[in-house]
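Step one of this worksheet: look at the structure below.
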Amino acid sequence: MSRKNTLNRRQFLTSAAVAGAAVTMGAGSTLLTSCSGGKAAKKQAIKRLKKWRIPTLTDMAIDGKAVKVGLVGCGGQGTGDIISLTQAANGIEIVALGDVFKDRVDGSRERIKKETGQEIAADKCFVGFDAYQKVIDSGVDLVLLVTPPIFRPLHFETAVKAGKHVFMEKPVSADVAGSLKILATAKMAESQGLSIVTGTQRRHQRSYVEAFKQIADGAIGEIVGGEVYWNQSMLWYRNREAGWSDMEWMIRDWVNWTWLSGDHIVEQHVHNIDVFNWFAGLNPVSATGFGARQRRLTGDQYDMFSVDFVYENGIHMHSMCRQIDGCTDNVSEVVQGIHGSWTSVGGSQIKDLAGNVIWKWDYDQEKQNFKQTNPYVLQFVDLITAIRSNKPVNEAADTANSSLIAVMGRESAYTGQTVSWEQIKGTNMNMLPENPVLGPMDMSKYIVPIPGKEKE
């Protein structure tokens with residue numbers, strides 16, 4: 001890394017310092033838990049967690065008026081999301097598709113027809129950087145926003161201003177300016193009675209929801225710490241092909257470029273960070289982290305991060321994520337309380353301080369009681385039920401908060417400095433190009449960060 005880049009990271013820190021209820025389970029269903037061993041401590045409900053909304057997780061959304069849907073971002077994730085939506089509710093009409101690239105639109109259109117039987121009209125298939133606007137203006141009731149994360153805040157704001165319900169994938173932002181825009185737009189959506197669900201599907205997974213309810217009721221006592229992990233093999237990448245401009249290559253290879261994805265601590269590990277924020281119901285104070293790049297083949301991101309997050313009551317949450325082949329995998333969360341702990345390792349379960357399992361989620365019984373157990377579908381069950389029952393749900397602010405916490409951890413690792421919550425919010429870091437076009441970019445800007453300084 002050049003000295004110029006190091007100074008920019010330090011300037012970022014300097015300027016920042018100056019700127020200074022129950023799940024709806026269906027009739028006759030029972031709570032799917034089992035207990036064994038250990039003497040349970042006296043429970044005392046955690047009041048701050050009792051205000052959290054519990055989602056509707058029936059097999060299908062309630063019936064009602066047809067919902068016309070448009071998709072912005074026609075890659076594998078976006079197309080998969082819209083197919084999951086059709087499995088969650090009757091009366092879903094897919095009417096519009098939009099993406100920067102025509103081949104993505106064509107591929108999505110073909111897969112949707114094959115898997116759902118619905119064919120999208122040719123004049124409702126839009127290509128280019130303005131495709132999102134055309135989808136929003138195409139007469140839809142609900143828009144799915146599944147482009148690279150850097151574009152999400154602008155697309156969300158446009159959709160809400162047009163009065164559309166929104167599903168948007170996580171993370172909802174890749175930088176500070178985007179997170180703040182999401183927070184402002186979330187308030188606008190709330191004032192309009194719009195429903196907003198994000199792609200943090202663990203909040204719609206029965207095993208996680210029931211564990212949250214147990215913790216809120218005091219099963220492990222007050223939260224005193226936690227650990228979250230997403231360690232896996234390397235994700236996909238795209239080598240540059242002849243004829244691709246700088247911008248086209250970066251967008252097609254977007255999971256490897258920080259300005260587009262936020263780096264994998266933001267793009268992927270936000271899931272686990274969000275679980276801890278949700279279960280603890282606390283706000284962060286600071287992050288001290290480090291990371292490195294050793295194996296990645298394209299882009300400007302790190303391969304690994306390790307971050308110590310400090311929360312407002314002095315507790316610590318350790319965050320670890322890695323994308324390297326041939327290493328131990330671990331995708332899980334642990335929340336420690338004064339009376340015991342909850343973990344997703346080996347299934348959702350709560351143990352007392354002696355290590356005895358005092359509660360666990362019964363996955364076999366869940367399969368017996370419910371036809372639908374896929375959280376990627378259940379998140380849409382919740383969304384469509386909220387829309388049709390006129391009981392809005394709005395998850396945008398929570399996911400914006402989790403996304404910004406991940407950004408704080410990333411910037412601490414990139415710079416080698418402790419970054420406070422007030423510092424990161426004060427930077428207004430904006431990585432979105434002002435007028436993106438499929439042309440040349442100043443590629444000298446996109447280099448791998450190196451923390452600290454050389455030995456003098």
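Just so we're on the same page: first chain in the structure tokens is A, next is B, and so on; residues restart at 1 for each chain, and ligands are numbered from 1 in the order they show up.
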
- Name the residues of range 165-409 of chain A that come out as strand (DSSP E or B) in a backbone DSSP run; write them as number ranges by chain. A: 165-168, 196-198, 223-232, 284-292, 304-311, 316-323, 330-337, 340-343, 349-352, 357-361, 394

Suppose we keep C-alpha atoms; can you now write the selection as a PDB file, in the first residue's frame?
ATOM      1  CA  HIS A 165     -43.271  -1.949   0.015  1.00  0.00           C
ATOM      2  CA  VAL A 166     -39.695  -3.256  -0.012  1.00  0.00           C
ATOM      3  CA  PHE A 167     -37.691  -6.385   0.532  1.00  0.00           C
ATOM      4  CA  MET A 168     -33.964  -5.676   0.446  1.00  0.00           C
ATOM      5  CA  ILE A 196     -39.919  -3.355   4.895  1.00  0.00           C
ATOM      6  CA  VAL A 197     -38.224  -6.726   5.412  1.00  0.00           C
ATOM      7  CA  THR A 198     -34.493  -7.288   4.994  1.00  0.00           C
ATOM      8  CA  ILE A 223     -26.103 -10.574  28.742  1.00  0.00           C
ATOM      9  CA  VAL A 224     -22.393 -10.321  29.594  1.00  0.00           C
ATOM     10  CA  GLY A 225     -20.680 -11.207  26.319  1.00  0.00           C
ATOM     11  CA  GLY A 226     -20.728 -13.124  23.083  1.00  0.00           C
ATOM     12  CA  GLU A 227     -18.933 -14.557  20.083  1.00  0.00           C
ATOM     13  CA  VAL A 228     -19.957 -14.574  16.424  1.00  0.00           C
ATOM     14  CA  TYR A 229     -18.294 -16.395  13.534  1.00  0.00           C
ATOM     15  CA  TRP A 230     -18.493 -16.792   9.777  1.00  0.00           C
ATOM     16  CA  ASN A 231     -15.445 -18.796   8.727  1.00  0.00           C
ATOM     17  CA  GLN A 232     -15.741 -20.593   5.396  1.00  0.00           C
ATOM     18  CA  PRO A 284     -21.865  -0.655  20.442  1.00  0.00           C
ATOM     19  CA  VAL A 285     -19.301   1.788  21.800  1.00  0.00           C
ATOM     20  CA  SER A 286     -16.150   0.890  19.888  1.00  0.00           C
ATOM     21  CA  ALA A 287     -14.350  -1.673  17.762  1.00  0.00           C
ATOM     22  CA  THR A 288     -10.699  -2.753  17.793  1.00  0.00           C
ATOM     23  CA  GLY A 289      -9.821  -5.159  15.037  1.00  0.00           C
ATOM     24  CA  PHE A 290      -7.277  -6.531  12.652  1.00  0.00           C
ATOM     25  CA  GLY A 291      -7.363  -8.433   9.403  1.00  0.00           C
ATOM     26  CA  ALA A 292      -5.257  -9.576   6.479  1.00  0.00           C
ATOM     27  CA  MET A 304     -10.028 -12.460   7.355  1.00  0.00           C
ATOM     28  CA  PHE A 305     -11.091 -10.205  10.219  1.00  0.00           C
ATOM     29  CA  SER A 306     -10.988 -10.453  14.005  1.00  0.00           C
ATOM     30  CA  VAL A 307     -12.715  -7.659  15.896  1.00  0.00           C
ATOM     31  CA  ASP A 308     -13.357  -6.944  19.568  1.00  0.00           C
ATOM     32  CA  PHE A 309     -16.617  -4.982  19.818  1.00  0.00           C
ATOM     33  CA  VAL A 310     -17.293  -3.195  23.104  1.00  0.00           C
ATOM     34  CA  TYR A 311     -20.924  -2.468  23.970  1.00  0.00           C
ATOM     35  CA  HIS A 316     -17.326  -7.565  24.771  1.00  0.00           C
ATOM     36  CA  MET A 317     -18.456  -9.394  21.645  1.00  0.00           C
ATOM     37  CA  HIS A 318     -15.756 -11.133  19.620  1.00  0.00           C
ATOM     38  CA  SER A 319     -16.346 -11.193  15.877  1.00  0.00           C
ATOM     39  CA  MET A 320     -14.356 -13.470  13.562  1.00  0.00           C
ATOM     40  CA  CYS A 321     -14.779 -14.087   9.826  1.00  0.00           C
ATOM     41  CA  ARG A 322     -12.597 -15.716   7.202  1.00  0.00           C
ATOM     42  CA  GLN A 323     -12.936 -16.808   3.549  1.00  0.00           C
ATOM     43  CA  ASN A 330     -17.520 -22.195  11.667  1.00  0.00           C
ATOM     44  CA  VAL A 331     -20.730 -20.245  11.101  1.00  0.00           C
ATOM     45  CA  SER A 332     -22.337 -19.690  14.489  1.00  0.00           C
ATOM     46  CA  GLU A 333     -23.185 -17.383  17.372  1.00  0.00           C
ATOM     47  CA  VAL A 334     -22.813 -17.588  21.150  1.00  0.00           C
ATOM     48  CA  VAL A 335     -24.489 -15.280  23.672  1.00  0.00           C
ATOM     49  CA  GLN A 336     -23.298 -15.492  27.277  1.00  0.00           C
ATOM     50  CA  GLY A 337     -25.485 -14.509  30.217  1.00  0.00           C
ATOM     51  CA  GLY A 340     -26.012 -19.565  31.238  1.00  0.00           C
ATOM     52  CA  SER A 341     -25.444 -19.298  27.528  1.00  0.00           C
ATOM     53  CA  TRP A 342     -27.195 -19.763  24.198  1.00  0.00           C
ATOM     54  CA  THR A 343     -25.470 -21.076  21.093  1.00  0.00           C
ATOM     55  CA  GLN A 349     -29.767 -24.582  22.593  1.00  0.00           C
ATOM     56  CA  ILE A 350     -29.365 -23.027  26.027  1.00  0.00           C
ATOM     57  CA  LYS A 351     -27.011 -24.359  28.687  1.00  0.00           C
ATOM     58  CA  ASP A 352     -26.631 -23.481  32.338  1.00  0.00           C
ATOM     59  CA  VAL A 357     -28.667 -28.312  28.259  1.00  0.00           C
ATOM     60  CA  ILE A 358     -31.783 -26.748  29.754  1.00  0.00           C
ATOM     61  CA  TRP A 359     -33.546 -25.855  26.479  1.00  0.00           C
ATOM     62  CA  LYS A 360     -33.124 -26.766  22.835  1.00  0.00           C
ATOM     63  CA  TRP A 361     -35.040 -26.458  19.630  1.00  0.00           C
ATOM     64  CA  ASN A 394     -40.089  -2.318   9.263  1.00  0.00           C
TER      65      ASN A 394
END

- Could you give me, as a list in words, the residues within 7 Å of range 447-455 of chain A, counting only C-alpha atoms and dropping anything in the same chain fewer than 3 positions from it? Met1, Asp300, Gln301, Tyr414, Thr415, Gly416 and Ser444 of chain A

Can those selected residues be exported to a file as a PDB file, in the first residue's frame so that it contains C-alpha atoms?
ATOM      1  CA  MET A   1       0.000   0.000   0.000  1.00  0.00           C
ATOM      2  CA  ASP A 300      -9.138  -5.144  -2.812  1.00  0.00           C
ATOM      3  CA  GLN A 301     -10.646  -6.921   0.198  1.00  0.00           C
ATOM      4  CA  TYR A 414      -8.140  -1.464   7.787  1.00  0.00           C
ATOM      5  CA  THR A 415      -6.555   1.310   9.853  1.00  0.00           C
ATOM      6  CA  GLY A 416      -5.261  -0.618  12.869  1.00  0.00           C
ATOM      7  CA  SER A 444      -5.269   3.187  -8.599  1.00  0.00           C
TER       8      SER A 444
END

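Nearest-residue note for Tyr376 in chain A: choosing from A:Arg203, A:Lys114, A:Lys51, A:Lys181, the minimum distance belongs to A:Arg203, counting only C-alpha atoms.
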
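The two atoms in question, CA of Leu282 in chain A and CA of Gly221 in chain A, are spaced 14.4 Å apart.
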
- Between A:Gly128, A:Gly91, A:Gly78, A:Gly178, which one has atoms that come closest to Leu144 in chain A, using only C-alpha atoms?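 Using only C-alpha atoms, Leu144 in chain A sits closest to A:Gly78.
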
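Shell of Val255 in chain A at 10 Å, with only C-alpha atoms counted and residues fewer than 5 places along the chain excluded, is A:Pro148, A:Pro149, A:Leu235, A:Trp236, A:Tyr237, A:Arg238, A:Met250, A:Leu260, A:Ser261, A:Gly262, A:Asp263, A:His264, A:Glu267, A:Gln268, A:Thr298, A:Gly299, A:Gln301.
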
- For Gly80 in chain A: contacts at 10 Å, only C-alpha atoms, fewer than 4 positions along chain excluded, given as an NGL selection string: :A and (74-76 or 84-85 or 108 or 111-112 or 376)

Keeping N, CA and C atoms for every residue in the selection just given, could you write it to a file as an mmCIF file, in the first residue's frame?
data_model
loop_
_atom_site.group_PDB
_atom_site.id
_atom_site.type_symbol
_atom_site.label_atom_id
_atom_site.label_comp_id
_atom_site.auth_asym_id
_atom_site.auth_seq_id
_atom_site.Cartn_x
_atom_site.Cartn_y
_atom_site.Cartn_z
ATOM 1 N N CYS A 74 -30.775 -9.004 -10.823
ATOM 2 C CA CYS A 74 -31.242 -10.298 -11.319
ATOM 3 C C CYS A 74 -30.190 -11.400 -11.283
ATOM 4 N N GLY A 75 -29.266 -11.329 -10.341
ATOM 5 C CA GLY A 75 -28.300 -12.399 -10.151
ATOM 6 C C GLY A 75 -28.939 -13.599 -9.485
ATOM 7 N N GLY A 76 -28.112 -14.540 -9.054
ATOM 8 C CA GLY A 76 -28.633 -15.747 -8.437
ATOM 9 C C GLY A 76 -29.392 -15.491 -7.156
ATOM 10 N N SER A 84 -38.491 -17.751 -3.924
ATOM 11 C CA SER A 84 -38.905 -18.016 -2.540
ATOM 12 C C SER A 84 -40.184 -17.252 -2.192
ATOM 13 N N LEU A 85 -40.301 -16.041 -2.699
ATOM 14 C CA LEU A 85 -41.505 -15.237 -2.465
ATOM 15 C C LEU A 85 -42.744 -15.939 -3.000
ATOM 16 N N SER A 108 -32.515 -14.477 -15.484
ATOM 17 C CA SER A 108 -33.507 -14.454 -14.424
ATOM 18 C C SER A 108 -34.901 -14.711 -14.993
ATOM 19 N N ARG A 111 -35.258 -18.431 -15.760
ATOM 20 C CA ARG A 111 -35.364 -19.277 -14.572
ATOM 21 C C ARG A 111 -36.709 -19.099 -13.890
ATOM 22 N N ILE A 112 -37.193 -17.862 -13.818
ATOM 23 C CA ILE A 112 -38.491 -17.602 -13.186
ATOM 24 C C ILE A 112 -39.608 -18.318 -13.942
ATOM 25 N N TYR A 376 -35.654 -18.610 4.380
ATOM 26 C CA TYR A 376 -35.629 -17.749 3.195
ATOM 27 C C TYR A 376 -37.022 -17.575 2.606
#

- Task: Might you pull out every residue within 6 Å of range 377-391 of chain A, with only C-alpha atoms counted and same-chain residues fewer than 6 positions away left off, and present them as an MDAnalysis selection string?
- Result: chainID A and resid 56 60:62 84:85 88 204

Restricted to C-alpha atoms, what would the selected residues look like written as an mmCIF file, in the first residue's frame?
data_model
loop_
_atom_site.group_PDB
_atom_site.id
_atom_site.type_symbol
_atom_site.label_atom_id
_atom_site.label_comp_id
_atom_site.auth_asym_id
_atom_site.auth_seq_id
_atom_site.Cartn_x
_atom_site.Cartn_y
_atom_site.Cartn_z
ATOM 1 C CA THR A 56 -45.480 -14.221 11.837
ATOM 2 C CA MET A 60 -48.033 -19.508 4.113
ATOM 3 C CA ALA A 61 -48.919 -15.834 4.190
ATOM 4 C CA ILE A 62 -52.575 -14.948 4.587
ATOM 5 C CA SER A 84 -38.905 -18.016 -2.540
ATOM 6 C CA LEU A 85 -41.505 -15.237 -2.465
ATOM 7 C CA ALA A 88 -44.512 -18.000 0.614
ATOM 8 C CA HIS A 204 -37.445 -15.351 10.582
#

- Message: Measuring between only C-alpha atoms, which one of A:Glu110, A:Glu115, A:Glu222, A:Asp59 shows the shortest distance to Asn313 in chain A?
- Response: A:Glu222

- Nearest to Val393 in chain A: which of A:Lys161, A:Lys47, A:His269, A:Arg53 is it, counting only C-alpha atoms?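 Comparing A:Lys161, A:Lys47, A:His269, A:Arg53 against Val393 in chain A, the winner is A:Arg53.
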
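Counting only C-alpha atoms, Asn401 in chain A has the following residues at most 10 Å away, ignoring those fewer than 6 positions along the same chain: A:Pro171, A:Val172, A:Ser173, A:Ser179, A:Leu180, A:Ile182, A:Leu183, A:Asp274, A:Asn277, A:Asn283, A:Pro284, A:Val407.
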
Please produce an output containing C-alpha atoms for each residue in the selection, written as a PDB file, in the first residue's frame.
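Listing of part.pdb after writing:
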ATOM      1  CA  PRO A 171     -26.319  -5.723   4.126  1.00  0.00           C
ATOM      2  CA  VAL A 172     -28.433  -2.666   3.460  1.00  0.00           C
ATOM      3  CA  SER A 173     -25.339  -0.472   3.056  1.00  0.00           C
ATOM      4  CA  SER A 179     -26.366   3.537   6.485  1.00  0.00           C
ATOM      5  CA  LEU A 180     -27.509   7.026   7.439  1.00  0.00           C
ATOM      6  CA  ILE A 182     -31.280   3.900   5.144  1.00  0.00           C
ATOM      7  CA  LEU A 183     -32.065   5.126   8.667  1.00  0.00           C
ATOM      8  CA  ASP A 274     -27.043  -8.868  13.628  1.00  0.00           C
ATOM      9  CA  ASN A 277     -27.344  -7.130  18.364  1.00  0.00           C
ATOM     10  CA  ASN A 283     -25.589  -0.543  21.264  1.00  0.00           C
ATOM     11  CA  PRO A 284     -21.865  -0.655  20.442  1.00  0.00           C
ATOM     12  CA  VAL A 407     -18.437  -1.103   8.742  1.00  0.00           C
TER      13      VAL A 407
END

- Task: Mind the document's chain letters and residue numbers, and return as a PyMOL selection string the residues of range 216-413 of chain A that DSSP labels alpha helix (DSSP H).
- Result: chain A and resi 216+246-252+258-261+264-267+270-280+363-369+375-389+396-413

- Message: Let me make sure I understand: among A:Glu395, A:Asp303, A:Glu241, A:Glu210, which one has the smallest atom-to-atom distance to Asp362 in chain A if we use only C-alpha atoms?
- Response: A:Glu210
